[in-house]
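The structure appears right after this line, and notes come after that.
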Amino acid sequence: MALAPPLMPVFGRKISSKNDMVPNWSSQEVSTGTTIMAVEYDGGVVIGADSRTTTGAYIANRVTDKLTPIHDRIFCCRSGSAADTQAIADVVTYQLGFHSIELDEPPLVETAANLFRASCYRYREELTAGILVAGWDRRKGGQVYSVPVGGMLVRQPVSVGGSGSSYVYGFMDSNYKPGLSKDQCLELAAAALSLAMERDGSSGGVVRLATISEEGVERRVILGNQLPKFSTH
Amino acid sequence: MATLTMSRAPLGGFSFENCKRNAVLESEASKLGCSFPAARKTGTTICGVVFKDGVVLGADTRATEGMVVADKNCSKIHYISPNIYCCGAGTAADTEMTTQIISSNLELHGLSTGRTPRVVTANRMLKQMLFRYQGYIGAALVLGGVDCNGPHLYSIYPHGSTDKLPYVTMGSGSLAAMAVFEDRYKPNMEEEDAKQLVRDAIAAGIFNDLGSGSNIDLCVITKGNVDYLRPHDEANKKGVRLNELETVQLTGDYKYKRGTTAVLTKAVTPLDLELVAESVQTMDTS
């Protein structure tokens, strides 16, 4: 018979419990905070993310790689709980790899997105995971699918996610146009991520970008001092 | 004739069966006036660093139970396999049992594959177990080792997320230790520099965090060799108590010198024993 956690006896007291600065591993879950985004262009996709993982107010990892390969030409951008997204990504990587071997063909991006959606929707009450699935396949070229918290699945030409995304919806709406080239997409992504990282406390570090196309995956890192600057006064 | 028993495969998810019993026991105990012993937490500063030839893991040695030090010299660097060691912070029992379970499974896995285990395998086993228990196992770990692909260092959080980094710190003293690392870490350090850096990081945790203290343990893992230095540095030696009048060391010496008690007389009586009876009992060895 399943019992709710509050009935479990609580053991011990913490030595430094009042100080929020010192991370308390048992109560504060590691969150990717985050700003992630993905843009389609003709021939592939550009994906990007910041690199900050937080436990409360402490930055547990300042050089996180949130762009996780699921298959040769399919990546996912992770936001939400670090543990949940890592576990889901591992499961989907296995499922997609198995499926691809059975098919004897590179898998479709839509398949990967559906596998994410299946896990995220089934366990929606237990999970906190906002994921962008992006990649290239022969059937539909570059595609971006958004699987936010709750387990919805929708294909979008451009999508942002994570806590920092709120600050850049306006920027995306005004600056994105269909038909951008690969380099324009990269510039757009770098600019959007920098703006979000500037305003969101849970986003920061370096900007990680990747381009996925028929030729392959090209990864790059933009360090803090090389980020595009915008005057704020 | 012994019968083979198969243990039931875990049904998946956390087993809450004992929670009701625990709650009943606790309420009955408090009615009688006694309370449950608090789970011993390790407070702790643990850290690890990757250097040119391998990894150095470090830990303090204080285990706390609430506000009291339960163990002044506990060992927080646990064995996983001959080439992989794991430091544990959080609930002491959880880190101990988790590392032992994974160590056992990894040994069986190694026998099955016929290869020395890889650090990434240990990492995956640990993260999948901790995720399955949804953070209820309070084990925050620093996993380090050297395998066929070189030196590797991982930090593993109680909820099951992991980070692969060149230097990591965990525990209540992690902020103090990380400050030392962020200041002085360089890639491809020499072994002595790496040991000094880890020693200084743990010392920062010991002297600036209440939950960490006592001595510094180090574990240096390189290809084909492990130096388990316990203690590497006795940072907190207990002072020697002196008697003010005689400046004689009082601590620890409970022997009395010959002559403390004066001997007045001495009489020696030898006892002559004669054999009265002898019987032999044979042992039945059939």
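Chain labels follow the order of the structure tokens: the first chain is A, the next B, and so on; residue numbering restarts at 1 in every chain, and ligands are counted from 1 in their shown order.
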
Practice task
as an MDAnalysis selection string, please: all residues of region 14-214 of chain A that backbone DSSP puts in helix (DSSP H, G or I).
Solution key: chainID A and resid 82:103 109:122 163:175 182:199

Problem - Among the residues B:Met97, B:Leu111, B:Leu165, B:Ile80, the one that comes closest to Pro187 (chain B) [using only C-alpha atoms] - result: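 So, comparing all the options, the nearest one is B:Leu165.
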
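The neighbours of region 190-194 of chain A here are the residues that come within 7 Å of it, using only C-alpha atoms and leaving out any residue fewer than 2 positions away in the same chain; they are A:Thr35, A:Ala49, A:Asp50, A:Val168, A:Phe171, A:Leu186, A:Glu187, A:Leu188, A:Ala196, A:Met197, A:Glu198, A:Leu227, A:Pro228.
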
Exercise for the section: Apply DSSP to the structure's backbone, then extract all residues of region 30-186 of chain A labelled strand (DSSP E or B) and return them as a PyMOL selection string. Expected result: chain A and resi 31+36-41+44-49+53-55+58-61+67-71+74-81+129-137+141-147+154-155+158-161

Handout entry: Residue contacts of region 201-203 of chain A (10 Å, only C-alpha atoms) excluding same-chain residues fewer than 4 positions away, as an MDAnalysis selection string
Key = chainID A and resid 31:36 49:59 62 162:165 193:194 196:197 207

Handout entry: From B:Thr285, B:Thr265, B:Ser75, B:Thr91, residue lying nearest chain A [only C-alpha atoms]
Key =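 So, comparing all the options, the nearest one is B:Thr91.
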
Handout entry: d(CA of Phe36 (chain B), CA of Ala92 (chain B)) in Å
Key = 16.4 Å

Exercise for the section: Could you tell me which of B:Gln281, B:Gln134, B:Asn123, B:Ser212 comes closest to Ser81 (chain A) if we count only C-alpha atoms? Expected result: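 That would be B:Gln134, the residue with the smallest distance to Ser81 (chain A).
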
Handout entry: Straight-line distance linking CA of Thr260 (chain B) with CA of Gly239 (chain B), stated in Å to one decimal
Key =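 Computing it gives 27.5 Å between the two atoms.
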
Problem - region 90-94 of chain A surroundings by only C-alpha atoms, 8 Å radius, close-in-sequence under 2 positions cut, as a list in words - result: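 Answer for this query is Ile70, His71, Gln86, Ala87, Ile88, Leu96, Gly97, Phe98, Ala112, Leu115 and Phe116 of chain A.
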
Exercise for the section: Name all residues at most 10 Å from Pro82 (chain B) (count only C-alpha atoms; drop same-chain ones fewer than 6 positions away) and give them as a PyMOL selection string. Expected result: chain B and resi 103+107+116-117+145-146+221+224-226

Exercise for the section: Show which residues sit within 7 Å of Ala139 (chain B), as a VMD selection string. Count only C-alpha atoms, and ignore same-chain residues fewer than 4 positions away. Expected result: chain B and resid 88 to 91 94 to 95 157 to 158
